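Engineer: Encoded as structure tokens, here's the structure I'll be asking about.
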Amino acid sequence: MPSLEKARIISNSKQYHNLYIMEIEAPQTAKECKPGQFLHIFTSTGLDPLLRRPLSLYDVDKEAARISLLYKVVGKGTALLAAMSPGEYLDIMGPLGHGFSLPESARKCLLVGGGVGMAPLLYLARVLRQGGNELLALYGVGTEKELLALERLEAIGSQVQIATIDGSCGLEGPLIPQLFSEILNAKRIEFIYSCGPESMMKLWQEWARLNRIPGEISLEEYMACGVGACLGCARKLKPENETYAKICKDGPVFSLDELVL
Amino acid sequence: MPSLEKARIISNSKQYHNLYIMEIEAPQTAKECKPGQFLHIFTSTGLDPLLRRPLSLYDVDKEAARISLLYKVVGKGTALLAAMSPGEYLDIMGPLGHGFSLPESARKCLLVGGGVGMAPLLYLARVLRQGGNELLALYGVGTEKELLALERLEAIGSQVQIATIDGSCGLEGPLIPQLFSEILNAKRIEFIYSCGPESMMKLWQEWARLNRIPGEISLEEYMACGVGACLGCARKLKPENETYAKICKDGPVFSLDELVL
Amino acid sequence: MDLTVNLGGIKLKNPVAVASGTFGYGFEYADFIEPERIGAVIVKGTTLNPRPGNPGPRIYETPAAMLNAIGLENPGIKVFLREYLPLLRARQVTIIANIAGNNMEEYALMASMLQGHEGIAGIELNISCPNVKQGGIQFGTDPDTVRQVVAAVKRETTLPVMPKLSPNVTDIVAIALAAAEGGADALSMINTLGGMAIDINKRKPVLGNVFGGLSGPAIKPVALKMIYQVYQEVHLPILGGGGIVNHIDALEFFMAGATAVSIGTGNFINPRLALELLEGIEKYMQEQGFSSIQELVGIAHAY
Amino acid sequence: MDLTVNLGGIKLKNPVAVASGTFGYGFEYADFIEPERIGAVIVKGTTLNPRPGNPGPRIYETPAAMLNAIGLENPGIKVFLREYLPLLRARQVTIIANIAGNNMEEYALMASMLQGHEGIAGIELNISCPNVKQGGIQFGTDPDTVRQVVAAVKRETTLPVMPKLSPNVTDIVAIALAAAEGGADALSMINTLGGMAIDINKRKPVLGNVFGGLSGPAIKPVALKMIYQVYQEVHLPILGGGGIVNHIDALEFFMAGATAVSIGTGNFINPRLALELLEGIEKYMQEQGFSSIQELVGIAHAY
Ligand SMILES: Cc1cc2nc3c(=O)[nH]c(=O)nc-3n(C[C@H](O)[C@H](O)[C@H](O)COP(=O)(O)OP(=O)(O)OC[C@H]3O[C@@H](n4cnc5c(N)ncnc54)[C@H](O)[C@@H]3O)c2cc1C
Ligand SMILES: Cc1cc2nc3c(=O)[nH]c(=O)nc-3n(C[C@H](O)[C@H](O)[C@H](O)COP(=O)(O)OP(=O)(O)OC[C@H]3O[C@@H](n4cnc5c(N)ncnc54)[C@H](O)[C@@H]3O)c2cc1C
Ligand SMILES: Cc1cc2nc3c(=O)[nH]c(=O)nc-3n(C[C@H](O)[C@H](O)[C@H](O)COP(=O)(O)O)c2cc1C
Ligand SMILES: Cc1cc2nc3c(=O)[nH]c(=O)nc-3n(C[C@H](O)[C@H](O)[C@H](O)COP(=O)(O)O)c2cc1C
Ligand code: FES
Ligand code: FES
């Protein structure tokens with residue numbers, strides 16, 4: 001069951017440029033977390049910014065009751081988050097949403113994470129490995145220094161392939177299927193999970209469809225309530241649908257075949 | 001000439017309960033400061049709170065280009081101020097307003113400061129002493145620990161008499177003329193300066209009138225512009241006046257005989 | 001201490017309601033707050049037929065406020081009565097239905113459909129929704145229309161009827177008086193202010209619907225003024241809201257003339273706000289020696 | 001890059017003005033910003049006779065906004081012409097006068113008194129001040145009255161006339177159309193929204209005048225919507241403002257349809273805002289390849 005909690009900040013520091021990792025202690029919340037879910041966070045010191053901000057569970061240590069967040073400073077809310085110090089308390093609500101589905105029996109899984117889109121995939125990787133799944137993570141960023149999740153991914157026991165726009169690490173170029181055709185052909189991927197820019201995920205959706213591989217992706221919309229009460233985060237999954245899905249409650253994770261990107 | 005400056009915070013710490021002292025380095029501003037003037041400070045990290053907050057010059061060291069502020073946390077703005085750390089920059093505008101008048105030749109001056117009302121009087125005391133004036137400061141607070149300016153006042157060479165509501169230091173009771181009648185009768189006060197709750201200053205105004213002593217006091221009103229542009233901080237100094245004075249520009253310091261409290 | 005209020009026949013266990021469209025059908029927030037402890041849950045605006053709502057983006061944050069253009073997405077009144085009402089009733093939630101019609105007949109028809117269903121404490125008439133093409137706000141901006149639509153609804157129901165007024169009018173008192181003439185039992189004030197935002201990167205309006213309704217703390221001063229004005233001229237109890245995020249805000253509304261208050265956007269910041277507000281109000285009343293919430297209502301007019 | 005704008009005959013060196021009542025008579029902020037570098041300084045609202053203004057408190061902060069009830073304190077038009085105008089003229093400040101009358105005749109008389117005075121670029125007609133008992137807002141809420149007062153002023157002056165519209169109306173387009181029919185050369189939008197606040201400790205309204213005008217970032221979405229609507233229906237250049245505190249806000253206004261923008265409350269936060277805004281706009285135009293500010297005006301309608 002999700003809850004409201006004032007979580008103590010253990011650490012919060014800039015990793016590179018506008019990328020931060022925060023670790024919090026959240027006894028009530030941590031124990032409920034599933035990969036792909038998110039926390040809804042009040043970042044403000046006044047009434048502007050007003051609304052909570054959704055951030056994915058980047059990593060969770062249930063024993064220590066700790067949750068890590070990987071975030072990029074893009075506006076007011078994330079800037080205020082970046083200004084918080086260890087020892088302060090963070091007003092969190094969660095875990096919310098409908099996370100990734102986990103296979104009943106072990107599979108060969110592909111994780112495709114672009115930039116901070118890797119945020120929800122790391123904790124997923126951890127849980128998938130605990131379930132004995134074999135993992136290949138494709139990790140695309142602008143430049144080497146943005147590969148914040150790399151170490152943890154490898155420690156978890158995932159194979160990792162990298163693409164950087166500037167070629168500073170791994171393959172040079174954007175995170176598109178063509179770039180990885182060799183390894184993808186070699187592996188017999190059974191399931192794909194992805195998060196990142198929609199234009200990128202669209203290409204992977206096509207690739208998955210061609211190769212008849214099922215999968216799931218995580219979507220974003222601007223949110224108010226985070227629980228399905230305001231109907232704000234609406235998204236027509238397919239043009240022909242009559243109704244709108246709610247990203248916060250029906251998602252943020254959706255099956256690749258239920259939506260058109 | 002007043003200016004806009006980003007002043008580096010040297011120190012900012014809680015002294016007692018909700019009372020803080022902040023020291024800032026403000027090369028452009030410091031050199032222009034006169035006792036009784038104020039800084040108009042942007043305290044917000046967003047658009048709420050929106051407006052600047054006026055704070056008196058508590059102490060100024062022109063050589064070191066440093067300004068000290070003594071403030072009480074009463075609401076959003078002052079709370080945000082209290083949360084700032086050394087090394088951060090404070091957005092100040094000032095010095096603004098019309099300060100205390102300084103005597104041409106040395107006088108026996110009485111300073112009457114209630115609570116944080118002592119804020120503008122300390123720097124005044126410093127400048128008055130530099131001009132060779134003889135000072136008696138009456139300092140009234142709730143309890144001993146609130147006597148933040150005491151040490152500096154004494155170091156400056158002012159005589160200090162104290163009143164605390166709880167009797168923890170000095171005389172027991174509120175800062176009213178009756179409490180100090182002995183010393184006031186002994187001294188031949190030539191000028192009175194006061195800042196504090198208006199109900200208190202009203203009693204001192206009556207006392208000054210009875211004893212035919214001229215003087216000045218510092219008033220407060222909620223402010224927007226701080227420079228006389230918005231006409232917001234209006235105050236009818238005497239009931240019979242047709243026009244309203246602007247606290248920010250015509251004050252905050254006013255002559256005792258130009259107003260009815 | 002007496003915290004019950006009578007909002008023109010709508011009996012509330014306490015004076016804090018949650019506003020339509022911000023609390024779903026009462027259960028979305030149930031992990032965080034017990035809906036039956038709230039003064040009243042005003043459910044999402046219901047229309048005669050199901051509505052898919054507007055294309056996104058539907059919400060956007062602005063300074064101390066948010067814009068929404070949900071477009072009255074809802075499954076229609078039949079589904080509400082069949083699926084949601086029984087659940088709420090079973091849990092003894094105080095329910096106020098909120099209805100919006102495309103025309104007078106639809107309002108009247110929906111009122112008659114609600115009639116006789118146990119568990120509905122009253123009807124909030126949404127004549128002020130800025131986010132739908134038909135129905136909604138145009139019913140709320142002309143005094144004659146307001147009187148007629150209220151009267152039409154009153155004819156069909158024995159439930160207390162509370163029109164929800166739009167702030168987007170020149171003369172709110174004229175609208176409130178018209179509602180009173182039509183037979184309103186109480187007034188709900190205020191709905192959202194019309195507004196919009198532009199995405200300077202895309203060089204187009206942010207919201208899929210172009211325009212939206214502004215809610216949240218930013219609009220509180222507007223709400224307070226309208227309630228203060230209406231309290232002086234119209235003898236109907238007022239459910240006051242617009243920007244309430246803490247108990248001090250709520251006290252301002254009571255003092256301006258509201259008999260009860262509603263929380264909208266505030267729920268998004270703190271889902272437990274309704275109960276925390278109540279605690280704050282009780283504490284204030286205790287400290288200040290008030291024994292009934294009624295003693296606070298309109299007290300700012302006595303100065 | 002071309003930053004000059006023509007606001008219905010009011011020629012501005014750049015599209016950023018400072019709003020009436022927030023910048024005094026142009027010199028109060030002179031230690032912080034050179035008034036002659038600002039697109040236009042719209043001076044404090046002037047009345048025929050001197051006015052002392054309202055008793056305090058006159059201002060109060062609310063979430064992302066402020067309330068003011070200055071009550072048009074000013075020394076009267078004669079003093080303005082005799083004492084302030086020459087100073088502004090000497091420094092080559094682009095001046096727009098802002099006038100408010102108690103009745104049509106006073107508006108007309110003031111317009112004729114401004115006629116022939118060198119240095120006044122145009123007249124902003126304040127028909128929307130919420131803070132005075134007589135005059136002000138009641139002129140701005142009825143289309144017929146708006147048309148008449150604009151026409152009465154136009155008869156007395158050859159200066160461009162720009163009525164300043166109140167957002168406190170049901171139908172802003174109707175008001176804007178009436179202003180156009182009356183002969184307005186441009187429109188100034190928007191003045192403050194009516195609002196109030198209550199001091200829960202004193203249990204009475206905060207402002208001496210009870211009601212005040214709401215300005216600042218909180219009202220930006222309301223201003224943008226009204227400008228967007230009027231831009232579509234009325235062919236007059238618009239001076240847009242309401243809550244602008246940075247160049248992104250300003251760009252929103254241009255894209256919604258404003259030919260120039262005005263800064264009010266934003267000056268209180270940052271007295272140099274007018275010039276910083278201008279820099280931000282120039283930078284944006286350079287980066288995005290715009291060569292004239294006109295190319296931005298109303299661009300959000302083309303999506
Ligand atoms: C379920 C979910 C999980 C997310 N997980 C992460 C994460 O782990 N790490 C991370 O860095 N970011 C994540 N995001 C995005 C993050 O929520 C936004 O970047 C953040 O809310 C921006 O807030 P801000 O105040 O800094 O920016 P704002 O000033 O609000 O806006 C800056 C820009 O961000 C956009 N934006 C704001 N909120 C959202 C949003 N909810 N979704 C998409 N765009 C938005 C705005 O439109 C604007 O362009 C997630 C979003 C969702 C919906
Ligand atoms: C010229 C001048 C000099 C001042 N010097 C000092 C000083 O040296 N140290 C100090 O602690 N305080 C000083 N004050 C008072 C200080 O400005 C206010 O306490 C502060 O602005 C409150 O801001 P806030 O956001 O914390 O409180 P808010 O949340 O804004 O309000 C809290 C309470 O403070 C009141 N308040 C807010 N602003 C003012 C104001 N400008 N004047 C009076 N009451 C106000 C509000 O009405 C409210 O009751 C001075 C005020 C003026 C006008
Ligand atoms: C997302 C959202 C959806 C809303 N939907 C409705 C609705 O369906 N019917 C209605 O009468 N009001 C609706 N409203 C208006 C609210 O009930 C409330 O009147 C308004 O938000 C002002 O209060 P607030 O400032 O506390 O949010 C909605 C508001 C929001 C923010
Ligand atoms: C303190 C204050 C005084 C004002 N005085 C006037 C005035 O005399 N005449 C006028 O037309 N508008 C007046 N206004 C309205 C502003 O010119 C402006 O239209 C309004 O504040 C909205 O813009 P903003 O949100 O940028 O402040 C005043 C506003 C404020 C805040
Ligand atoms: S954010 Fe409210 S329904 Fe999703
Ligand atoms: S604060 Fe604007 S005139 Fe004093």
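In the structure tokens, each chain is lettered A, B, ... as it comes, each chain's residues begin at 1, and ligands are numbered from 1 in order of appearance.
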Quick one: which residues from chain D are at most 6 Å off chain B, using only C-alpha atoms, as a list in words?
Structural biologist: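 So the residues of chain D near chain B are Gly21, Thr22, Phe23, Gly24, Glu28, Pro52, Arg58, Ile59, Pro63, Ala64, Phe268 and Ile269 of chain D.
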Engineer: Any residue with an atom at most 8 Å from ligand 3 counts, using only C-alpha atoms and all ligand atoms. Which are they? Put them as a PyMOL selection string.
Structural biologist: (chain A and resi 224+230-232) or (chain C and resi 18-22+43-46+59+65-73+98-100+124-129+164+189-192+213-220+241-245+262-266)
Engineer: Counting only C-alpha atoms, which residues from chain D have an atom at most 9 Å from any atom of chain C, and could you show them as a PyMOL selection string?
Structural biologist: chain D and resi 62-65+67+141-142+167-171+193-200+202-205+210-212+214+217-226+228+248-249+251-253+255-256+299-303
Engineer: Within 6 Å of ligand 2, counting only C-alpha atoms and all ligand atoms: which residues, as a ChimeraX atom specification?
Structural biologist: /B:38,53-56,70-79,116,119,220-223,252
Engineer: If you count only C-alpha atoms, which residues fall within 9 Å of segment 215-217 of chain B, apart from same-chain ones fewer than 3 positions away, as a PyMOL selection string?
Structural biologist: chain B and resi 100-101+110+190-196+201+205+208+252-257
Engineer: Limited to all heavy atoms, could you put the picked residues into a file as a tab-separated table (two decimals), in the first residue's frame?
Structural biologist:
chain	number	residue	atom	x	y	z
B	100	PHE	N	18.21	57.73	10.29
B	100	PHE	CA	18.17	58.61	11.46
B	100	PHE	C	19.01	59.86	11.19
B	100	PHE	O	20.01	59.81	10.48
B	100	PHE	CB	18.75	57.88	12.68
B	100	PHE	CG	17.90	56.74	13.16
B	100	PHE	CD1	18.30	55.43	12.95
B	100	PHE	CD2	16.70	56.98	13.82
B	100	PHE	CE1	17.52	54.37	13.40
B	100	PHE	CE2	15.91	55.92	14.27
B	100	PHE	CZ	16.32	54.61	14.05
B	101	SER	N	18.62	60.97	11.79
B	101	SER	CA	19.45	62.16	11.64
B	101	SER	C	20.52	62.13	12.73
B	101	SER	O	20.30	61.67	13.84
B	101	SER	CB	18.59	63.42	11.72
B	101	SER	OG	17.85	63.44	12.90
B	110	LEU	N	19.40	58.89	23.90
B	110	LEU	CA	18.75	57.72	24.47
B	110	LEU	C	18.30	56.83	23.32
B	110	LEU	O	17.65	57.29	22.38
B	110	LEU	CB	17.52	58.16	25.28
B	110	LEU	CG	16.69	57.05	25.92
B	110	LEU	CD1	17.47	56.36	27.03
B	110	LEU	CD2	15.37	57.61	26.46
B	190	GLU	N	19.11	64.37	25.67
B	190	GLU	CA	18.84	65.46	24.73
B	190	GLU	C	18.12	65.00	23.47
B	190	GLU	O	17.55	65.80	22.73
B	190	GLU	CB	20.16	66.14	24.35
B	190	GLU	CG	20.82	66.85	25.51
B	190	GLU	CD	22.22	67.30	25.15
B	190	GLU	OE1	23.13	66.43	25.14
B	190	GLU	OE2	22.40	68.50	24.86
B	191	PHE	N	18.17	63.71	23.21
B	191	PHE	CA	17.53	63.20	21.98
B	191	PHE	C	17.18	61.74	22.19
B	191	PHE	O	17.95	61.00	22.82
B	191	PHE	CB	18.49	63.37	20.78
B	191	PHE	CG	17.79	63.42	19.45
B	191	PHE	CD1	17.29	64.61	18.94
B	191	PHE	CD2	17.62	62.25	18.69
B	191	PHE	CE1	16.65	64.66	17.70
B	191	PHE	CE2	16.97	62.29	17.46
B	191	PHE	CZ	16.49	63.50	16.97
B	192	ILE	N	16.06	61.33	21.66
B	192	ILE	CA	15.68	59.93	21.81
B	192	ILE	C	15.48	59.29	20.43
B	192	ILE	O	14.91	59.90	19.52
B	192	ILE	CB	14.39	59.78	22.68
B	192	ILE	CG1	13.86	58.34	22.64
B	192	ILE	CG2	13.31	60.76	22.24
B	192	ILE	CD1	12.71	58.09	23.60
B	193	TYR	N	15.99	58.08	20.30
B	193	TYR	CA	15.77	57.26	19.09
B	193	TYR	C	15.08	55.98	19.53
B	193	TYR	O	15.50	55.37	20.52
B	193	TYR	CB	17.09	56.86	18.45
B	193	TYR	CG	17.96	57.98	17.96
B	193	TYR	CD1	19.04	58.45	18.71
B	193	TYR	CD2	17.72	58.56	16.71
B	193	TYR	CE1	19.86	59.46	18.26
B	193	TYR	CE2	18.56	59.59	16.24
B	193	TYR	CZ	19.61	60.03	17.01
B	193	TYR	OH	20.43	61.03	16.54
B	194	SER	N	14.06	55.57	18.82
B	194	SER	CA	13.40	54.34	19.25
B	194	SER	C	12.91	53.48	18.09
B	194	SER	O	12.59	53.98	17.01
B	194	SER	CB	12.22	54.67	20.17
B	194	SER	OG	11.59	53.48	20.59
B	195	CYS	N	12.90	52.19	18.33
B	195	CYS	CA	12.31	51.25	17.37
B	195	CYS	C	11.82	50.04	18.16
B	195	CYS	O	12.48	49.56	19.07
B	195	CYS	CB	13.34	50.81	16.33
B	195	CYS	SG	12.63	49.73	15.07
B	196	GLY	N	10.62	49.58	17.80
B	196	GLY	CA	10.03	48.45	18.51
B	196	GLY	C	8.53	48.48	18.28
B	196	GLY	O	8.05	49.17	17.37
B	201	MET	N	6.44	52.36	21.61
B	201	MET	CA	6.99	53.64	21.16
B	201	MET	C	6.05	54.79	21.50
B	201	MET	O	6.47	55.91	21.75
B	201	MET	CB	7.28	53.60	19.66
B	201	MET	CG	8.44	52.64	19.33
B	201	MET	SD	9.15	52.90	17.69
B	201	MET	CE	7.86	52.27	16.65
B	205	GLN	N	6.99	58.23	23.20
B	205	GLN	CA	6.67	59.51	22.55
B	205	GLN	C	6.05	60.45	23.58
B	205	GLN	O	6.41	61.63	23.67
B	205	GLN	CB	5.70	59.28	21.38
B	205	GLN	CG	5.45	60.55	20.56
B	205	GLN	CD	4.38	60.35	19.51
B	205	GLN	OE1	3.36	59.73	19.77
B	205	GLN	NE2	4.60	60.88	18.32
B	208	ALA	N	8.71	61.66	25.92
B	208	ALA	CA	9.57	62.65	25.27
B	208	ALA	C	8.86	64.00	25.20
B	208	ALA	O	9.46	65.06	25.44
B	208	ALA	CB	9.96	62.18	23.86
B	252	PRO	N	12.03	54.97	6.71
B	252	PRO	CA	11.19	54.51	7.83
B	252	PRO	C	11.34	55.34	9.08
B	252	PRO	O	10.56	55.19	10.00
B	252	PRO	CB	11.67	53.07	8.07
B	252	PRO	CG	13.07	53.05	7.57
B	252	PRO	CD	13.11	54.01	6.42
B	253	VAL	N	12.31	56.26	9.10
B	253	VAL	CA	12.52	57.06	10.31
B	253	VAL	C	11.72	58.36	10.21
B	253	VAL	O	11.77	59.05	9.18
B	253	VAL	CB	14.02	57.36	10.48
B	253	VAL	CG1	14.23	58.33	11.64
B	253	VAL	CG2	14.80	56.07	10.70
B	254	PHE	N	10.99	58.66	11.27
B	254	PHE	CA	10.22	59.90	11.32
B	254	PHE	C	10.52	60.62	12.62
B	254	PHE	O	10.85	60.00	13.64
B	254	PHE	CB	8.72	59.60	11.24
B	254	PHE	CG	8.31	59.02	9.91
B	254	PHE	CD1	8.29	57.64	9.72
B	254	PHE	CD2	7.98	59.85	8.85
B	254	PHE	CE1	7.93	57.11	8.50
B	254	PHE	CE2	7.62	59.31	7.62
B	254	PHE	CZ	7.59	57.94	7.43
B	255	SER	N	10.37	61.92	12.53
B	255	SER	CA	10.56	62.73	13.72
B	255	SER	C	9.36	62.52	14.63
B	255	SER	O	8.22	62.46	14.17
B	255	SER	CB	10.68	64.19	13.29
B	255	SER	OG	10.55	65.02	14.40
B	256	LEU	N	9.61	62.43	15.93
B	256	LEU	CA	8.53	62.16	16.88
B	256	LEU	C	7.40	63.18	16.79
B	256	LEU	O	6.24	62.84	17.00
B	256	LEU	CB	9.08	62.17	18.31
B	256	LEU	CG	9.61	60.84	18.83
B	256	LEU	CD1	10.06	61.01	20.27
B	256	LEU	CD2	8.54	59.76	18.76
B	257	ASP	N	7.75	64.43	16.46
B	257	ASP	CA	6.69	65.44	16.49
B	257	ASP	C	5.87	65.50	15.21
B	257	ASP	O	4.87	66.18	15.15
B	257	ASP	CB	7.23	66.82	16.88
B	257	ASP	CG	8.35	67.25	15.96
B	257	ASP	OD1	8.47	66.69	14.85
B	257	ASP	OD2	9.13	68.14	16.36
Engineer: Name all residues at most 7 Å from Gln161 of chain A (count only C-alpha atoms; drop same-chain ones fewer than 4 positions away) and give them as a PyMOL selection string.
Structural biologist: chain A and resi 137-139+170
Engineer: Just all heavy atoms for this one: save the residues we selected as a PDB file, in the first residue's frame.
Structural biologist:
ATOM      1  N   ALA A 137      21.616  -4.959 -21.316  1.00  0.00           N
ATOM      2  CA  ALA A 137      21.178  -3.561 -21.219  1.00  0.00           C
ATOM      3  C   ALA A 137      21.856  -2.742 -22.301  1.00  0.00           C
ATOM      4  O   ALA A 137      23.082  -2.767 -22.425  1.00  0.00           O
ATOM      5  CB  ALA A 137      21.509  -3.002 -19.834  1.00  0.00           C
ATOM      6  N   LEU A 138      21.052  -2.032 -23.071  1.00  0.00           N
ATOM      7  CA  LEU A 138      21.603  -1.081 -24.037  1.00  0.00           C
ATOM      8  C   LEU A 138      21.415   0.298 -23.419  1.00  0.00           C
ATOM      9  O   LEU A 138      20.307   0.682 -23.051  1.00  0.00           O
ATOM     10  CB  LEU A 138      20.860  -1.178 -25.373  1.00  0.00           C
ATOM     11  CG  LEU A 138      20.835  -2.581 -25.986  1.00  0.00           C
ATOM     12  CD1 LEU A 138      20.132  -2.526 -27.351  1.00  0.00           C
ATOM     13  CD2 LEU A 138      22.241  -3.159 -26.124  1.00  0.00           C
ATOM     14  N   TYR A 139      22.520   0.997 -23.299  1.00  0.00           N
ATOM     15  CA  TYR A 139      22.513   2.229 -22.507  1.00  0.00           C
ATOM     16  C   TYR A 139      23.032   3.350 -23.407  1.00  0.00           C
ATOM     17  O   TYR A 139      24.191   3.363 -23.795  1.00  0.00           O
ATOM     18  CB  TYR A 139      23.435   2.006 -21.310  1.00  0.00           C
ATOM     19  CG  TYR A 139      23.337   3.005 -20.178  1.00  0.00           C
ATOM     20  CD1 TYR A 139      24.139   2.858 -19.033  1.00  0.00           C
ATOM     21  CD2 TYR A 139      22.471   4.091 -20.213  1.00  0.00           C
ATOM     22  CE1 TYR A 139      24.069   3.739 -17.973  1.00  0.00           C
ATOM     23  CE2 TYR A 139      22.390   4.978 -19.152  1.00  0.00           C
ATOM     24  CZ  TYR A 139      23.192   4.806 -18.037  1.00  0.00           C
ATOM     25  OH  TYR A 139      23.124   5.678 -16.986  1.00  0.00           O
ATOM     26  N   GLY A 170      31.809   3.301 -25.887  1.00  0.00           N
ATOM     27  CA  GLY A 170      30.980   2.371 -26.641  1.00  0.00           C
ATOM     28  C   GLY A 170      30.821   2.788 -28.085  1.00  0.00           C
ATOM     29  O   GLY A 170      31.696   3.424 -28.678  1.00  0.00           O
TER      30      GLY A 170
END
Engineer: Where in segment 15-219 of chain B does DSSP assign helix (DSSP H, G or I), given as a PyMOL selection string?
Structural biologist: chain B and resi 27-30+76-82+115-130+144-146+150-156+177-186+198-210
